[in-house]
file run_1.cif (mmCIF, C-alpha atoms (C1' of nucleotides) and all ligand atoms)
data_work
loop_
_atom_site.label_atom_id
_atom_site.label_comp_id
_atom_site.auth_asym_id
_atom_site.auth_seq_id
_atom_site.Cartn_x
_atom_site.Cartn_y
_atom_site.Cartn_z
CA MET J 1 27.96 -13.38 4.79
CA SER J 2 26.68 -15.65 1.99
CA ALA J 3 23.26 -17.19 2.32
CA PRO J 4 22.56 -20.91 2.42
CA ILE J 5 18.90 -19.99 2.51
CA SER J 6 18.41 -20.80 -1.14
CA HIS J 7 19.02 -24.49 -0.45
CA ASP J 8 16.27 -24.44 2.15
CA MET J 9 14.02 -22.82 -0.36
CA ARG J 10 14.78 -25.40 -3.03
CA ASP J 11 14.04 -28.21 -0.61
CA GLY J 12 10.89 -26.46 0.51
CA LEU J 13 9.60 -26.20 -3.00
CA ARG J 14 10.07 -29.93 -3.50
CA GLU J 15 8.34 -30.72 -0.25
CA HIS J 16 5.36 -28.71 -1.31
CA ARG J 17 5.30 -30.39 -4.69
CA ARG J 18 6.03 -27.21 -6.48
CA LYS J 19 8.39 -27.23 -9.39
CA LEU J 20 11.85 -25.80 -9.35
CA THR J 21 12.03 -23.91 -12.59
CA ARG J 22 14.70 -21.70 -14.14
CA PRO J 23 12.69 -18.53 -13.51
CA ARG J 24 12.26 -19.45 -9.87
CA GLN J 25 15.91 -20.24 -9.47
CA ALA J 26 16.86 -16.85 -10.81
CA ILE J 27 14.44 -15.10 -8.42
CA LEU J 28 15.47 -17.26 -5.51
CA ASP J 29 19.14 -16.55 -5.99
CA ILE J 30 18.64 -12.82 -6.10
CA ILE J 31 16.58 -12.64 -2.94
CA ALA J 32 18.77 -15.04 -1.03
CA SER J 33 21.93 -13.10 -1.75
CA ALA J 34 20.60 -9.58 -1.23
CA ASP J 35 21.02 -7.72 2.02
CA HIS J 36 18.55 -5.08 0.90
CA HIS J 37 14.87 -5.41 0.36
CA LEU J 38 13.92 -5.44 -3.29
CA THR J 39 10.77 -4.49 -5.15
CA PRO J 40 9.24 -6.90 -7.63
CA ALA J 41 10.41 -4.61 -10.44
CA ALA J 42 13.96 -4.54 -9.08
CA ILE J 43 14.02 -8.30 -8.76
CA HIS J 44 12.73 -8.61 -12.30
CA LYS J 45 15.42 -6.31 -13.62
CA ARG J 46 18.21 -8.20 -11.88
CA ALA J 47 16.89 -11.64 -12.70
CA ARG J 48 16.70 -10.81 -16.38
CA LYS J 49 20.46 -10.60 -16.51
CA LYS J 50 20.58 -14.32 -15.78
CA TYR J 51 17.32 -15.25 -17.47
CA PRO J 52 16.37 -12.61 -20.05
CA HIS J 53 13.10 -14.23 -20.94
CA LEU J 54 11.61 -13.77 -17.47
CA GLY J 55 8.29 -11.99 -17.19
CA LEU J 56 7.30 -9.65 -14.40
CA VAL J 57 4.16 -11.67 -13.83
CA THR J 58 6.24 -14.65 -12.89
CA VAL J 59 8.14 -12.52 -10.40
CA TYR J 60 4.88 -11.58 -8.70
CA ARG J 61 3.66 -15.14 -8.72
CA THR J 62 6.93 -16.45 -7.35
CA LEU J 63 7.03 -13.84 -4.61
CA ASP J 64 3.51 -14.78 -3.55
CA LEU J 65 4.46 -18.41 -3.46
CA LEU J 66 7.66 -17.87 -1.50
CA THR J 67 5.89 -15.60 0.94
CA GLU J 68 3.22 -18.22 1.47
CA LEU J 69 5.83 -20.91 2.05
CA GLY J 70 7.61 -18.61 4.46
CA TYR J 71 10.88 -18.22 2.61
CA VAL J 72 10.41 -14.60 1.84
CA GLN J 73 8.98 -11.75 3.83
CA ARG J 74 7.13 -8.71 2.59
CA VAL J 75 8.23 -5.31 3.73
CA HIS J 76 5.41 -2.81 3.82
CA PHE J 77 5.84 0.82 2.90
CA ASP J 78 3.80 3.82 3.69
CA ASP J 79 2.89 4.42 0.07
CA GLY J 80 1.40 0.97 -0.17
CA CYS J 81 4.13 -0.65 -2.18
CA HIS J 82 5.96 -3.75 -1.14
CA SER J 83 9.47 -5.02 -1.15
CA TYR J 84 10.72 -8.48 -0.44
CA ILE J 85 13.55 -9.90 1.57
CA ALA J 86 14.75 -13.36 2.50
CA ALA J 87 12.89 -14.41 5.61
CA PRO J 88 14.57 -15.70 8.70
CA HIS J 89 13.06 -18.85 10.12
CA GLY J 90 10.22 -18.04 12.41
CA HIS J 91 8.60 -14.74 13.13
CA ALA J 92 10.57 -11.57 12.52
CA HIS J 93 10.46 -7.98 11.43
CA HIS J 94 12.78 -5.59 9.73
CA LEU J 95 14.51 -2.36 10.35
CA VAL J 96 14.66 -0.52 7.07
CA CYS J 97 16.87 2.41 6.18
CA SER J 98 14.78 5.06 4.46
CA THR J 99 17.85 6.47 2.78
CA CYS J 100 19.58 3.47 1.22
CA GLY J 101 17.09 0.67 1.72
CA LYS J 102 19.33 -1.53 3.81
CA ALA J 103 17.27 -3.95 5.84
CA GLN J 104 18.19 -5.61 9.09
CA GLU J 105 16.00 -8.22 10.63
CA PHE J 106 15.17 -8.66 14.27
CA SER J 107 13.12 -11.37 15.86
CA ASP J 108 12.41 -10.16 19.36
CA CYS J 109 9.44 -7.96 18.50
CA ASP J 110 8.11 -8.40 22.01
CA LEU J 111 4.54 -7.61 21.17
CA ASP J 112 3.07 -10.49 23.13
CA ALA J 113 2.55 -8.53 26.32
CA LEU J 114 1.01 -5.63 24.45
CA ILE J 115 -1.24 -7.93 22.49
CA ALA J 116 -2.36 -9.82 25.56
CA THR J 117 -3.22 -6.61 27.35
CA LEU J 118 -5.15 -5.28 24.40
CA GLN J 119 -7.07 -8.51 23.97
CA ARG J 120 -8.09 -8.39 27.59
CA LYS J 121 -9.04 -4.72 27.50
CA THR J 122 -10.87 -4.69 24.19
CA GLY J 123 -12.19 -8.19 23.62
CA PHE J 124 -10.59 -8.27 20.18
CA GLU J 125 -9.00 -11.52 19.11
CA ILE J 126 -5.75 -10.32 17.61
CA SER J 127 -4.38 -12.68 15.00
CA VAL J 128 -2.09 -10.61 12.81
CA HIS J 129 0.37 -7.87 13.44
CA MET J 130 2.33 -5.72 11.10
CA LEU J 131 5.34 -3.90 12.48
CA GLU J 132 7.78 -1.92 10.41
CA LEU J 133 10.53 0.23 11.80
CA MET J 134 12.16 2.80 9.61
CA GLY J 135 15.02 5.18 10.06
CA ARG J 136 18.63 5.62 9.12
CA CYS J 137 21.21 2.90 9.04
CA PRO J 138 24.58 3.53 10.71
CA ALA J 139 26.30 4.23 7.39
CA CYS J 140 23.71 6.72 6.19
CA ALA J 141 23.58 8.40 9.58
CA ALA J 142 27.35 8.83 9.50
CA SER J 143 27.45 10.31 6.01
CA GLN J 144 24.59 12.62 6.91
CA LYS J 145 26.55 13.87 9.89
CA ALA J 146 29.64 14.37 7.78
CA LEU J 147 27.66 16.47 5.32
CA THR J 148 26.17 18.61 8.08
CA ARG J 149 29.58 19.20 9.59
CA GLN J 150 30.97 20.19 6.21
CA ALA J 151 28.09 22.60 5.52
CA ARG J 152 28.50 24.23 8.91
CA SER J 153 32.22 24.80 8.41
CA GLN J 154 31.75 26.65 5.12
CA MET R 1 -19.49 8.70 21.88
CA SER R 2 -20.01 11.57 19.44
CA ALA R 3 -16.98 13.32 18.04
CA PRO R 4 -16.14 16.96 18.68
CA ILE R 5 -13.08 16.31 16.58
CA SER R 6 -14.48 18.04 13.54
CA HIS R 7 -14.36 21.38 15.33
CA ASP R 8 -10.71 20.82 16.04
CA MET R 9 -10.17 20.04 12.41
CA ARG R 10 -11.98 23.16 11.25
CA ASP R 11 -9.92 25.32 13.59
CA GLY R 12 -6.79 23.52 12.50
CA LEU R 13 -7.45 24.29 8.87
CA ARG R 14 -7.82 27.98 9.66
CA GLU R 15 -4.65 28.00 11.71
CA HIS R 16 -2.76 26.54 8.82
CA ARG R 17 -4.26 29.08 6.44
CA ARG R 18 -6.02 26.43 4.48
CA LYS R 19 -9.52 27.10 3.25
CA LEU R 20 -12.58 25.48 4.68
CA THR R 21 -14.52 24.50 1.59
CA ARG R 22 -17.80 22.66 1.14
CA PRO R 23 -16.03 19.56 -0.17
CA ARG R 24 -13.74 19.53 2.83
CA GLN R 25 -16.61 19.97 5.23
CA ALA R 26 -18.38 17.00 3.74
CA ILE R 27 -15.27 14.84 4.03
CA LEU R 28 -14.48 16.10 7.51
CA ASP R 29 -17.95 15.30 8.81
CA ILE R 30 -17.88 11.78 7.51
CA ILE R 31 -14.54 10.91 9.02
CA ALA R 32 -15.26 12.56 12.32
CA SER R 33 -18.50 10.69 12.83
CA ALA R 34 -17.38 7.25 11.67
CA ASP R 35 -16.27 4.55 14.08
CA HIS R 36 -14.94 2.44 11.23
CA HIS R 37 -12.03 3.13 9.01
CA LEU R 38 -13.05 4.18 5.54
CA THR R 39 -11.37 3.93 2.17
CA PRO R 40 -11.10 7.00 -0.05
CA ALA R 41 -13.71 5.45 -2.33
CA ALA R 42 -16.11 4.85 0.57
CA ILE R 43 -15.64 8.39 1.81
CA HIS R 44 -16.30 9.67 -1.67
CA LYS R 45 -19.48 7.67 -1.98
CA ARG R 46 -20.83 8.89 1.35
CA ALA R 47 -19.80 12.47 0.88
CA ARG R 48 -21.57 12.66 -2.45
CA LYS R 49 -24.89 12.28 -0.69
CA LYS R 50 -24.28 15.66 0.91
CA TYR R 51 -22.27 17.18 -1.91
CA PRO R 52 -22.96 15.37 -5.18
CA HIS R 53 -20.47 17.35 -7.18
CA LEU R 54 -17.48 16.06 -5.18
CA GLY R 55 -14.64 14.46 -7.11
CA LEU R 56 -12.60 11.53 -5.90
CA VAL R 57 -9.43 13.49 -6.51
CA THR R 58 -10.49 16.00 -3.92
CA VAL R 59 -11.04 13.20 -1.45
CA TYR R 60 -7.48 12.04 -1.94
CA ARG R 61 -6.13 15.55 -1.65
CA THR R 62 -8.14 16.27 1.45
CA LEU R 63 -7.07 13.04 3.10
CA ASP R 64 -3.43 13.85 2.42
CA LEU R 65 -3.89 17.28 3.92
CA LEU R 66 -5.70 16.05 7.00
CA THR R 67 -3.14 13.33 7.54
CA GLU R 68 -0.36 15.87 7.27
CA LEU R 69 -2.08 18.15 9.78
CA GLY R 70 -2.58 15.19 12.08
CA TYR R 71 -6.36 15.11 12.15
CA VAL R 72 -6.65 11.85 10.33
CA GLN R 73 -4.66 8.66 10.50
CA ARG R 74 -3.95 6.17 7.76
CA VAL R 75 -4.62 2.52 8.38
CA HIS R 76 -2.37 0.27 6.35
CA PHE R 77 -3.50 -2.99 4.88
CA ASP R 78 -1.57 -5.93 3.70
CA ASP R 79 -2.72 -5.52 0.11
CA GLY R 80 -1.29 -2.01 0.04
CA CYS R 81 -4.54 -0.13 0.23
CA HIS R 82 -5.28 2.48 2.82
CA SER R 83 -8.20 3.48 4.94
CA TYR R 84 -8.59 6.56 7.04
CA ILE R 85 -9.89 7.21 10.50
CA ALA R 86 -10.17 10.23 12.76
CA ALA R 87 -6.91 10.52 14.66
CA PRO R 88 -6.73 10.81 18.39
CA HIS R 89 -4.50 13.57 19.62
CA GLY R 90 -0.99 12.35 19.93
CA HIS R 91 0.49 9.09 18.85
CA ALA R 92 -1.77 6.09 18.50
CA HIS R 93 -2.48 2.94 16.58
CA HIS R 94 -5.51 0.92 15.71
CA LEU R 95 -6.94 -2.46 16.22
CA VAL R 96 -8.87 -3.35 13.10
CA CYS R 97 -11.45 -6.08 12.70
CA SER R 98 -10.69 -8.02 9.53
CA THR R 99 -14.30 -9.12 9.31
CA CYS R 100 -16.33 -5.94 9.68
CA GLY R 101 -13.73 -3.19 9.61
CA LYS R 102 -14.44 -1.82 13.05
CA ALA R 103 -11.46 0.10 14.34
CA GLN R 104 -10.48 0.75 17.90
CA GLU R 105 -7.64 2.99 18.76
CA PHE R 106 -5.08 2.51 21.45
CA SER R 107 -2.32 4.83 22.48
CA ASP R 108 -0.05 2.75 24.68
CA CYS R 109 1.91 1.09 21.92
CA ASP R 110 4.86 0.67 24.25
CA LEU R 111 7.46 0.37 21.55
CA ASP R 112 9.91 2.74 23.20
CA ALA R 113 11.80 0.04 25.04
CA LEU R 114 11.99 -2.13 21.95
CA ILE R 115 13.12 0.78 19.82
CA ALA R 116 15.76 1.87 22.31
CA THR R 117 17.16 -1.63 22.49
CA LEU R 118 17.25 -1.98 18.73
CA GLN R 119 18.91 1.39 18.29
CA ARG R 120 21.59 0.39 20.71
CA LYS R 121 22.13 -3.04 19.19
CA THR R 122 22.06 -2.05 15.54
CA GLY R 123 23.13 1.57 15.36
CA PHE R 124 20.04 2.44 13.34
CA GLU R 125 18.35 5.75 14.14
CA ILE R 126 14.72 4.73 14.19
CA SER R 127 12.39 7.58 13.35
CA VAL R 128 9.18 6.00 12.15
CA HIS R 129 7.20 2.99 13.13
CA MET R 130 4.17 1.41 11.63
CA LEU R 131 2.15 -0.92 13.79
CA GLU R 132 -1.15 -2.44 12.77
CA LEU R 133 -2.99 -5.07 14.73
CA MET R 134 -5.70 -7.06 13.06
CA GLY R 135 -8.11 -9.67 14.22
CA ARG R 136 -11.74 -10.08 15.14
CA CYS R 137 -13.79 -7.61 17.12
CA PRO R 138 -15.90 -8.91 19.99
CA ALA R 139 -19.11 -8.78 17.93
CA CYS R 140 -17.66 -10.67 14.98
CA ALA R 141 -16.00 -13.20 17.26
CA ALA R 142 -19.34 -13.83 18.96
CA SER R 143 -21.29 -14.30 15.75
CA GLN R 144 -18.57 -16.58 14.44
CA LYS R 145 -18.87 -18.73 17.55
CA ALA R 146 -22.64 -18.83 17.22
CA LEU R 147 -22.31 -20.04 13.64
CA THR R 148 -19.83 -22.73 14.60
CA ARG R 149 -22.10 -23.95 17.37
CA GLN R 150 -25.04 -24.05 15.01
CA ALA R 151 -23.12 -25.96 12.36
CA ARG R 152 -21.92 -28.50 14.92
CA SER R 153 -25.45 -29.16 16.21
CA GLN R 154 -26.87 -29.98 12.77
"C1'" DT W 1 9.07 -42.11 -22.50
"C1'" DT W 2 4.80 -40.61 -21.54
"C1'" DC W 3 1.80 -37.56 -19.45
"C1'" DC W 4 -0.39 -33.91 -17.01
"C1'" DA W 5 -0.68 -30.62 -13.38
"C1'" DA W 6 2.14 -27.00 -12.68
"C1'" DC W 7 4.16 -23.29 -14.72
"C1'" DT W 8 5.12 -19.76 -18.08
"C1'" DG W 9 4.98 -15.05 -20.73
"C1'" DA W 10 2.32 -11.74 -23.51
"C1'" DA W 11 -1.37 -9.03 -23.43
"C1'" DA W 12 -5.11 -7.04 -21.49
"C1'" DA W 13 -7.63 -5.74 -17.47
"C1'" DT W 14 -7.97 -3.92 -12.91
"C1'" DG W 15 -7.91 -0.81 -9.15
"C1'" DT W 16 -5.73 2.73 -6.75
"C1'" DT W 17 -3.48 6.95 -6.76
"C1'" DT W 18 -1.33 11.04 -9.12
"C1'" DT W 19 -0.81 14.64 -12.56
"C1'" DT W 20 -2.46 18.16 -15.53
"C1'" DC W 21 -4.99 22.04 -16.53
"C1'" DA W 22 -8.67 25.18 -17.15
"C1'" DT W 23 -12.10 27.02 -14.02
"C1'" DT W 24 -13.99 28.32 -9.56
"C1'" DT W 25 -13.92 30.01 -4.82
"C1'" DA W 26 -12.66 31.30 0.13
"C1'" DG W 27 -11.50 34.81 2.49
"C1'" DA W 28 -8.10 38.71 3.09
"C1'" DA W 29 -7.52 43.35 1.75
"C1'" DA W 30 -9.20 47.52 -0.05
"C1'" DT P 1 -19.22 45.66 -0.51
"C1'" DT P 2 -16.26 44.82 -4.07
"C1'" DT P 3 -11.82 43.41 -5.62
"C1'" DC P 4 -8.21 40.30 -5.87
"C1'" DT P 5 -5.41 36.21 -5.67
"C1'" DA P 6 -3.62 32.08 -3.78
"C1'" DA P 7 -5.78 28.05 -2.85
"C1'" DA P 8 -8.85 24.69 -4.22
"C1'" DT P 9 -11.67 22.16 -7.43
"C1'" DG P 10 -13.27 18.47 -10.93
"C1'" DA P 11 -12.78 16.15 -15.38
"C1'" DA P 12 -9.80 13.73 -17.93
"C1'" DA P 13 -5.80 11.46 -18.69
"C1'" DA P 14 -1.73 9.30 -16.97
"C1'" DA P 15 0.87 6.59 -14.01
"C1'" DC P 16 1.64 2.65 -11.43
"C1'" DA P 17 1.47 -1.65 -9.08
"C1'" DT P 18 -0.77 -5.75 -9.36
"C1'" DT P 19 -3.99 -9.40 -11.24
"C1'" DT P 20 -6.41 -12.04 -14.68
"C1'" DT P 21 -6.72 -14.57 -18.86
"C1'" DC P 22 -5.23 -17.80 -21.95
"C1'" DA P 23 -2.73 -20.54 -25.12
"C1'" DG P 24 1.45 -22.78 -25.09
"C1'" DT P 25 5.56 -24.99 -22.41
"C1'" DT P 26 7.91 -27.86 -19.04
"C1'" DG P 27 9.39 -30.36 -14.67
"C1'" DG P 28 9.39 -34.44 -12.80
"C1'" DA P 29 6.51 -38.44 -11.19
"C1'" DA P 30 5.21 -42.81 -12.91
MN MN B 1 0.36 1.66 3.83
MN MN B 2 1.64 -3.75 2.77
ZN ZN B 3 21.08 3.43 4.85
ZN ZN B 4 -15.80 -6.97 13.44
#

call {"tool": "encode", "arguments": {"input": "run_1.cif", "output": "C-alpha cells"}}
result
Amino acid sequence: MSAPISHDMRDGLREHRRKLTRPRQAILDIIASADHHLTPAAIHKRARKKYPHLGLVTVYRTLDLLTELGYVQRVHFDDGCHSYIAAPHGHAHHLVCSTCGKAQEFSDCDLDALIATLQRKTGFEISVHMLELMGRCPACAASQKALTRQARSQ
Amino acid sequence: MSAPISHDMRDGLREHRRKLTRPRQAILDIIASADHHLTPAAIHKRARKKYPHLGLVTVYRTLDLLTELGYVQRVHFDDGCHSYIAAPHGHAHHLVCSTCGKAQEFSDCDLDALIATLQRKTGFEISVHMLELMGRCPACAASQKALTRQARSQ
DNA sequence: TTCCAACTGAAAATGTTTTTCATTTAGAAA
DNA sequence: TTTCTAAATGAAAAACATTTTCAGTTGGAA
C-alpha cells in the first residue's frame, strides 16, 4: 500500500547530481504517496501544508525534472492540462477515472504489433506514443448504478 | 487525393440546424483541403486571406462545433496544445510527423482486445481512449539521412 | 569552512483558450 | 419579399496554465 518509490527518487536525484532540497522532498512525498493523479496546482496546495513557503514555479520545475528522470509520469487530458503520478519502472500507461480521478497503471500496452504494422505500411518511423484510457473506476461505476436504481424505484 | 469532405460537413451543419456562415465556410475549406494538422492560430491566419474580418474566437468556436459533430478531429500534443484535422468517418487516429507536421490517419487502432482485458482485470469501465503516435514521416526521415550522410563525408 | 553551480520564490510575461456583450446575420416563417 | 428571431459574430477582457527573468539562497562537494 505505501510507496517505497520516494527512496528511489532520492537516490536518483543524487545520481544525477541534482540537489535534494526541502521543496523537492515535499513534492516527492506527495506524489509518491498518492494513488490519484494530481495537477501541479493540487500538488502545490498539498505541499504547502508541509512547506508553506513553496512556490508554484518550483512545483512545475520539479515535475519537469522528475518526469525527465523517469520518476513521475504525466497524464494527459483532453483539455490540454496535465496531471502527474508516480511512475512505475519502465514503460506504462494509466487508466484514469473521469469521475473521481483515481488512476491505475498498466504496463502491457501491447502497441508493438500495431506500431510495427503501421511503420511498414506508412514508412513513418514511430518514436513516441501517447495512450490514455479513461472511464469509470469500479467504485464510481457502483455508486452510479446505485443512484440509477434508486431513481428508477421512485 | 482531394477532399469531398467539406460537402459532408456542409450537409451536416444543415442537418443539425446550425447555420452555414461565411466564417464557417472559410474554416471548413481550409481544414478539408489540408493534409497537415493545423492549430487554431494557423487556421485563423489562412482563413483571413479569404475572409479578413474573421476573429480567432470564431475559429475556436467553429472547431469545437465541428469536433462535436464529428467532422474534425483533435490532435493532442505533449505540450497541451491542439491541432485539428479533417476526420475520417468513424473512429480513427493519426500518425503525426514531429518534424514537419504531416498527419496520416489510420483506423485499425486495434485497442479492443487490450481494453477488454483491462476492463476484466481492473473493473474499470473504459469509455474513452486517446492514442497519438508521433515520429518521422518518410520524407523527413529521408532528408535526415541525407544530412547525416553529408555530415559524415565532410 | 569555503565556494559555486544548482536551486529558489516573487513578479512579470507568455500563449492558449474562454467569457462577455453588444451587434449582425442566416434562414425559417409569414 | 419582408419580417423575425435564434444563432452566430468579433472586439475586448478575463481566465488559466505554464514559462521566463532575476536577484538572492542553499546543498553538498572539496
Ligand atoms: Mn489534448
Ligand atoms: Mn499532454
Ligand atoms: Zn472513480
Ligand atoms: Zn515530416

call {"tool": "closest_residue", "arguments": {"input": "run_1.cif", "among": "J:Leu118, J:Ala141, J:Met134, J:Cys81", "to": "ligand MN 1 (chain B)", "atoms": "all atoms listed in the file"}}
result
J:Cys81

call {"tool": "interface_residues", "arguments": {"input": "run_1.cif", "of": "chain J", "to": "chain W", "cutoff": "8 Å", "atoms": "only C-alpha atoms (C1' of nucleotides)", "output": "list in words"}}
result
Arg18, Lys19, Leu54, Gly55, Val57 and Thr58 of chain J

call {"tool": "atom_distance", "arguments": {"input": "run_1.cif", "atom1": "CA of His37 in chain J", "atom2": "CA of Ser83 in chain J"}}
result
5.6 Å

call {"tool": "closest_residue", "arguments": {"input": "run_1.cif", "among": "J:Val96, J:Ala146, J:Arg22, J:Leu111", "to": "Glu125 in chain R", "atoms": "all atoms listed in the file"}}
result
J:Val96

call {"tool": "residues_around", "arguments": {"input": "run_1.cif", "residues": "Thr122 in chain R", "least_positions_apart": "2", "cutoff": "10 Å", "atoms": "only C-alpha atoms (C1' of nucleotides)", "output": "list in words"}}
result
Leu95, Gln104, Glu105, Phe106, Cys137 and Pro138 of chain J; Thr117, Leu118, Gln119, Arg120, Phe124 and Glu125 of chain R

call {"tool": "residues_near_point", "arguments": {"input": "run_1.cif", "point": "(8.1, -14.1, 15.1)", "cutoff": "9 Å", "atoms": "all atoms listed in the file", "output": "MDAnalysis selection string"}}
result
chainID J and resid 89:93 106:110

call {"tool": "write_last_selection", "arguments": {"input": "run_1.cif", "atoms": "C-alpha atoms", "output": "compact mmCIF listing (two decimals), in the coordinates of the input"}}
result
# COMPACT_ATOMS: atom_id res chain seq x y z
CA HIS J 89 13.06 -18.85 10.12
CA GLY J 90 10.22 -18.04 12.41
CA HIS J 91 8.60 -14.74 13.13
CA ALA J 92 10.57 -11.57 12.52
CA HIS J 93 10.46 -7.98 11.43
CA PHE J 106 15.17 -8.66 14.27
CA SER J 107 13.12 -11.37 15.86
CA ASP J 108 12.41 -10.16 19.36
CA CYS J 109 9.44 -7.96 18.50
CA ASP J 110 8.11 -8.40 22.01

call {"tool": "interface_residues", "arguments": {"input": "run_1.cif", "of": "chain R", "to": "chain J", "cutoff": "6 Å", "atoms": "all atoms listed in the file", "output": "ChimeraX atom specification"}}
result
/R:80,123-138

call {"tool": "interface_residues", "arguments": {"input": "run_1.cif", "of": "chain P", "to": "chain R", "cutoff": "8 Å", "atoms": "all atoms listed in the file", "output": "JSON, numbers by chain"}}
result
{"P": [7, 8, 9, 10]}

call {"tool": "write_last_selection", "arguments": {"input": "run_1.cif", "atoms": "C-alpha atoms (C1' of nucleotides)", "output": "PDB file, in the coordinates of the input"}}
result
ATOM      1  C1'  DA P   7      -5.780  28.050  -2.850  1.00  0.00           C
ATOM      2  C1'  DA P   8      -8.850  24.690  -4.220  1.00  0.00           C
ATOM      3  C1'  DT P   9     -11.670  22.160  -7.430  1.00  0.00           C
ATOM      4  C1'  DG P  10     -13.270  18.470 -10.930  1.00  0.00           C
TER       5       DG P  10
END

call {"tool": "atom_distance", "arguments": {"input": "run_1.cif", "atom1": "CA of Ala87 in chain J", "atom2": "CA of Leu69 in chain J"}}
result
10.2 Å

call {"tool": "closest_residue", "arguments": {"input": "run_1.cif", "among": "R:Met9, R:Ala142, R:Cys100, R:Ala116", "to": "ligand ZN 4 (chain B)", "atoms": "all atoms listed in the file"}}
result
R:Cys100

call {"tool": "residues_around", "arguments": {"input": "run_1.cif", "residues": "range 63-66 of chain R", "least_positions_apart": "5", "cutoff": "8 Å", "atoms": "only C-alpha atoms (C1' of nucleotides)", "output": "number ranges by chain"}}
result
R: 40, 71-72, 84

call {"tool": "atom_distance", "arguments": {"input": "run_1.cif", "atom1": "CA of Gln25 in chain J", "atom2": "CA of Leu13 in chain J"}}
result
10.8 Å

call {"tool": "axis_aligned_box", "arguments": {"input": "run_1.cif", "around": "range 4-21 of chain P", "padding_each_side": "3 Å", "output": "JSON"}}
result
{"center_x": -5.8, "center_y": 12.9, "center_z": -10.9, "size_x": 20.9, "size_y": 60.9, "size_z": 22.0}

call {"tool": "residues_around", "arguments": {"input": "run_1.cif", "residues": "Ile30 in chain R", "least_positions_apart": "2", "cutoff": "10 Å", "atoms": "all atoms listed in the file", "output": "list in words"}}
result
Ser6, Arg24, Gln25, Ala26, Ile27, Leu28, Ala32, Ser33, Ala34, Asp35, Leu38, Ala42, Ile43, His44, Arg46, Ala47, Lys50, Ile85 and Ala86 of chain R

call {"tool": "closest_residue", "arguments": {"input": "run_1.cif", "among": "J:Lys49, J:His36, J:His94, J:Lys145", "to": "ligand ZN 3 (chain B)", "atoms": "all atoms listed in the file"}}
result
J:His36
